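Accompanying notes for the structure given below.
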Amino acid sequence: MSSVDSSAVDTAAVASSAVASSGNVSTKKRSRFDLRIVLPPVLTGGLILGIWYFVSYVILDPKRRFLLKPPHEVWSVGFANGDNFSEMMEGLLATSKTAFWGLLSAILLGFLLAVIMSQAKFVERAIFPYAVVLQAIPILAIVPLIGFWFGYGFMPRVFICVIIALFPIIVNTLFGLLSADQGLHDLLTLHNTGRVTRLRKLMFPAALPAVFAGLRISAGLSVIGAIVGDFYFGQGEVGIGQLLKRYAARLEGEQLLAAVIVSSGLGVLVFTLFGWIANRVVGKWAADSRGN
Amino acid sequence: MLGETSATDVSNRGSRGADDVATLTFSNISMRFPDGTEALSDVSFDVSQGEFVTIVGPSGCGKSTLLKIAAGLLDATSGTVDVDRSGIGYVFQDATLMPWRTVRRNVELLAELHGVDKAEREKLASEAIQLVGLNGFENHYPKSLSGGMKMRASLARTLTMKPPVFLFDEPFGAVDEITRERLNEETLRLFEAERFAGLFITHSISEAVFLSTKVYVMSARPGRLVASFDVPFAYPRSPEIRFDPRFAEIAGEVSHALRGAHS
């Protein structure tokens with residue numbers, strides 16, 4: 001249930017800070033755990049669990065209950081069982097490592113490309129269509145090909161993450177760089193500002209809110225890329241992808257569901273982390289803070 | 001009134017005459033945009049130091065284009081501008097502050113671009129902030145300022161360069177009437193203190209008369225100067241001159257010329 005919990009906390013924190021900054025919060029309720037904020041997502045979570053139990057015990061007859069094991073069995077087999085849990089945590093670590101390096105590479109490459117594209121319309125026209133092509137490639141189609149060409153090691157997995165995570169970084173960074181106010185551009189022109197200073201003092205800071213919006217999307221995509229790559233490669237260091245495949249093949253419903261929850265939890269964690277960073281960096285000044 | 005001289009094709013890089021006392025001189029400026037729009041037609045006038053010239057005209061008559069040409073942001077199709085570009089202070093239509101910088105850091109920007117060291121920069125910024133009455137707001141980000149305060153910060157930023165030529169591109173068009181009057185009074189105070197050569201663009205007649213030594217009326221597109229009025233009030237001016245009968249008289253004449261310019 002890590003996904004539900006962390007998003008509830010996230011919402012609570014953001015909502016309470018919004019109330020505090022609007023200035024009309026009554027002094028009696030200063031607690032971060034305002035019931036009106038915490039209750040709705042908890043109710044939704046309870047409802048989901050209720051439906052889950054209902055399907056497991058009422059809709060499925062006992063012979064077919066393996067299709068959807070009830071929540072407490074998922075917990076006891078997938079999370080409370082030490083061996084199963086540590087196997088999953090190792091997989092999670094491997095997947096996180098791939099996703100991290102993939103994201104980092106995508107950030108560096110995407111940022112570089114966007115900066116170059118922002119400097120000359122010609123370069124933008126030359127590169128942009130291929131960024132779109134990259135985005136349009138069905139990842140399922142390219143993964144076997146990448147394995148075929150580059151093997152099943154670490155680098156090809158990172159490469160998959162880059163392919164899937166690159167586009168939002170390029171698009172958002174480029175959009176951000178080009179979003180700098182024309183008046184400010186004119187002002188810098190009046191004072192004979194060079195290209196590098198213009199980038200550093202105007203275009204980079206102006207791009208930050210959009211860059212972070214892109215990062216949040218790409219971070220989630222990179223996690224997906226790492227899982228998909230691992231799933232299709234089916235060999236090498238065991239990550240969440242291979243575990244999902246294994247559990248599915250063995251009809252281990254509890255562990256399969258546990259792995260699904262864990263991998264979505266990783267995605268949520270990464271999303272929340274980048275939201276938090278964005279809020280720290282641009283929250284103070286951005287008109288519409290994207291850090292929530 | 002201006003003479004009917006025809007536009008001559010001269011290079012845009014004008015040279016400055018030795019006996020030329022004007023700080024900013026426009027000679028036969030015409031502007032035609034690539035899409036065929038004729039923005040300005042044969043505009044000639046000058047602004048000397050200690051002179052505050054305002055151009056009033058209907059929207060879209062090419063007033064802002066003229067300022068952009070003066071600042072070198074646009075090149076005129078024909079005619080010359082004679083001015084020392086390094087001494088131009090440009091106040092934009094919007095405050096154009098950097099949202100990621102505090103008021104102080106925004107005001108420091110120009111000095112920073114010119115490589116002024118930190119201590120000197122801070123001193124310049126403090127003086128300018130003091131001058132526009134923004135003390136106490138140094139560490140605020142623009143998003144927490146009102147429209148009028150943003151304009152003050154923008155003015156302060158320009159003031160740090162102590163420019164001999166001040167170009168104002170309809171700077172107070174977006175603020176409410178009360179704030180506008182106060183900002184006008186403060187602009188006047190700055191002018192009285194610094195005695196720069198001021199060129200101010202507006203479509204408010206009372207703003208024009210209140211601030212200026214001279215008011216030009218510009219016609220609708222293509223913009224031409226169709227009338228000029230000298231404003232006799234001496235500086236320092238009191239806000240009370242707005243209620244002086246002569247003020248109303250000049251404003252009436254400008255208004256009349258402007259109506260003629262619309263057609």
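Chains: A, B, ... in order of the structure tokens. Residues: from 1 per chain. Ligands: from 1, in order shown.
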Counting only C-alpha atoms, what is within 9 Å of range 176-192 of chain B, bar same-chain residues fewer than 6 positions away, as a PDB file with C-alpha atoms, in the first residue's frame?
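File part-v9.pdb, as written:
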ATOM      1  CA  GLY B  50      17.291  68.338 -19.374  1.00  0.00           C
ATOM      2  CA  PHE B  52      11.470  65.734 -21.304  1.00  0.00           C
ATOM      3  CA  LEU B 131      15.035  56.728  -4.751  1.00  0.00           C
ATOM      4  CA  VAL B 132      11.918  54.884  -5.922  1.00  0.00           C
ATOM      5  CA  GLY B 147       1.917  46.299 -10.451  1.00  0.00           C
ATOM      6  CA  GLY B 148       3.008  49.748  -9.291  1.00  0.00           C
ATOM      7  CA  MET B 151       7.275  49.336 -12.123  1.00  0.00           C
ATOM      8  CA  ARG B 152       9.207  51.082  -9.349  1.00  0.00           C
ATOM      9  CA  LEU B 155      12.672  52.159 -12.733  1.00  0.00           C
ATOM     10  CA  LEU B 159      18.446  54.260 -12.515  1.00  0.00           C
ATOM     11  CA  GLY B 198      13.727  61.930 -21.436  1.00  0.00           C
ATOM     12  CA  GLU B 207       0.446  62.240 -18.154  1.00  0.00           C
ATOM     13  CA  PHE B 210       2.233  66.812 -16.577  1.00  0.00           C
ATOM     14  CA  LEU B 211       5.689  65.402 -17.253  1.00  0.00           C
ATOM     15  CA  SER B 212       6.960  67.101 -20.359  1.00  0.00           C
ATOM     16  CA  TYR B 235      10.456  72.481 -12.799  1.00  0.00           C
ATOM     17  CA  PRO B 236      10.173  71.483 -10.049  1.00  0.00           C
ATOM     18  CA  ARG B 237       6.506  70.986 -10.778  1.00  0.00           C
ATOM     19  CA  SER B 238       3.897  70.499  -8.125  1.00  0.00           C
ATOM     20  CA  PRO B 239       1.084  67.954  -8.524  1.00  0.00           C
TER      21      PRO B 239
END
Interface residues on chain B facing chain A, 10 Å, only C-alpha atoms, written as a compact mmCIF listing (two decimals) with N, CA and C atoms, in the first residue's frame:
# COMPACT_ATOMS: atom_id res chain seq x y z
N LYS B 68 12.28 51.61 -30.02
CA LYS B 68 13.13 50.46 -30.30
C LYS B 68 14.23 50.84 -31.29
N ALA B 71 16.87 52.79 -29.47
CA ALA B 71 17.72 51.95 -28.63
C ALA B 71 18.58 50.98 -29.44
N GLY B 72 18.29 50.86 -30.74
CA GLY B 72 19.06 49.95 -31.57
C GLY B 72 18.50 48.53 -31.57
N LEU B 73 17.30 48.34 -31.01
CA LEU B 73 16.68 47.02 -31.03
C LEU B 73 16.08 46.72 -32.39
N ARG B 85 24.60 55.04 -27.65
CA ARG B 85 23.83 53.88 -27.24
C ARG B 85 24.23 53.33 -25.87
N SER B 86 25.44 53.64 -25.45
CA SER B 86 25.88 53.09 -24.17
C SER B 86 25.22 53.81 -23.00
N GLY B 87 24.57 54.95 -23.30
CA GLY B 87 23.99 55.73 -22.20
C GLY B 87 22.48 55.73 -22.21
N ILE B 88 21.90 54.67 -22.76
CA ILE B 88 20.44 54.63 -22.84
C ILE B 88 19.84 53.81 -21.71
N GLY B 89 18.89 54.38 -21.02
CA GLY B 89 18.11 53.62 -20.05
C GLY B 89 16.74 53.39 -20.65
N TYR B 90 16.29 52.14 -20.68
CA TYR B 90 15.04 51.80 -21.36
C TYR B 90 14.07 51.27 -20.31
N VAL B 91 12.96 51.95 -20.17
CA VAL B 91 11.92 51.46 -19.24
C VAL B 91 10.81 50.84 -20.09
N PHE B 92 10.61 49.55 -19.89
CA PHE B 92 9.69 48.82 -20.76
C PHE B 92 8.23 48.99 -20.36
N GLN B 93 7.37 48.60 -21.29
CA GLN B 93 5.93 48.64 -21.07
C GLN B 93 5.55 47.83 -19.83
N ASP B 94 6.12 46.63 -19.72
CA ASP B 94 5.93 45.83 -18.52
C ASP B 94 7.18 46.01 -17.67
N ALA B 95 7.07 45.58 -16.42
CA ALA B 95 8.21 45.78 -15.53
C ALA B 95 9.40 44.93 -15.97
N THR B 96 9.15 43.84 -16.71
CA THR B 96 10.19 42.91 -17.16
C THR B 96 11.23 42.64 -16.07
N LEU B 97 10.75 42.18 -14.93
CA LEU B 97 11.67 41.76 -13.88
C LEU B 97 11.92 40.26 -14.02
N MET B 98 13.05 39.81 -13.52
CA MET B 98 13.31 38.38 -13.51
C MET B 98 12.61 37.78 -12.28
N PRO B 99 11.64 36.89 -12.50
CA PRO B 99 10.86 36.39 -11.37
C PRO B 99 11.69 35.62 -10.35
N TRP B 100 12.84 35.10 -10.78
CA TRP B 100 13.67 34.30 -9.88
C TRP B 100 14.63 35.15 -9.06
N ARG B 101 14.60 36.45 -9.29
CA ARG B 101 15.47 37.33 -8.52
C ARG B 101 14.64 38.19 -7.57
N THR B 102 15.20 38.48 -6.42
CA THR B 102 14.54 39.40 -5.51
C THR B 102 14.63 40.80 -6.09
N LEU B 109 20.91 43.94 -11.62
CA LEU B 109 21.19 43.21 -12.87
C LEU B 109 22.09 43.95 -13.85
N LEU B 110 21.75 45.20 -14.15
CA LEU B 110 22.48 45.91 -15.20
C LEU B 110 23.94 46.14 -14.81
N ALA B 111 24.14 46.53 -13.56
CA ALA B 111 25.51 46.73 -13.08
C ALA B 111 26.28 45.40 -13.18
N LEU B 113 25.73 43.01 -15.35
CA LEU B 113 26.06 42.76 -16.75
C LEU B 113 27.27 43.57 -17.20
N HIS B 114 27.47 44.71 -16.55
CA HIS B 114 28.60 45.55 -16.93
C HIS B 114 29.82 45.29 -16.08
N HIS B 140 11.97 40.87 -1.49
CA HIS B 140 10.74 40.28 -2.01
C HIS B 140 10.94 39.81 -3.44
N TYR B 141 10.24 38.74 -3.79
CA TYR B 141 10.23 38.30 -5.18
C TYR B 141 9.12 39.06 -5.91
N PRO B 142 9.32 39.29 -7.24
CA PRO B 142 8.33 40.07 -7.98
C PRO B 142 6.89 39.56 -7.82
N LYS B 143 6.71 38.26 -7.68
CA LYS B 143 5.33 37.76 -7.64
C LYS B 143 4.55 38.29 -6.43
N SER B 144 5.27 38.76 -5.41
CA SER B 144 4.56 39.27 -4.25
C SER B 144 4.42 40.79 -4.28
Between CA of Ala258 in chain A and CA of Gly275 in chain A, what distance in Å does the model show, to one decimal?
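The value is 25.4 Å.
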Tell me, which residues of range 108-238 of chain B carry DSSP alpha helix (DSSP H), written as an NGL selection string?
:B and (108-113 or 118-131 or 147-159 or 177-194 or 205-211)
Can you work out the spacing between CA of Leu108 in chain A and CA of Leu145 in chain A in Å, to one decimal?
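Atom-to-atom, CA of Leu108 in chain A to CA of Leu145 in chain A, that is 24.3 Å.
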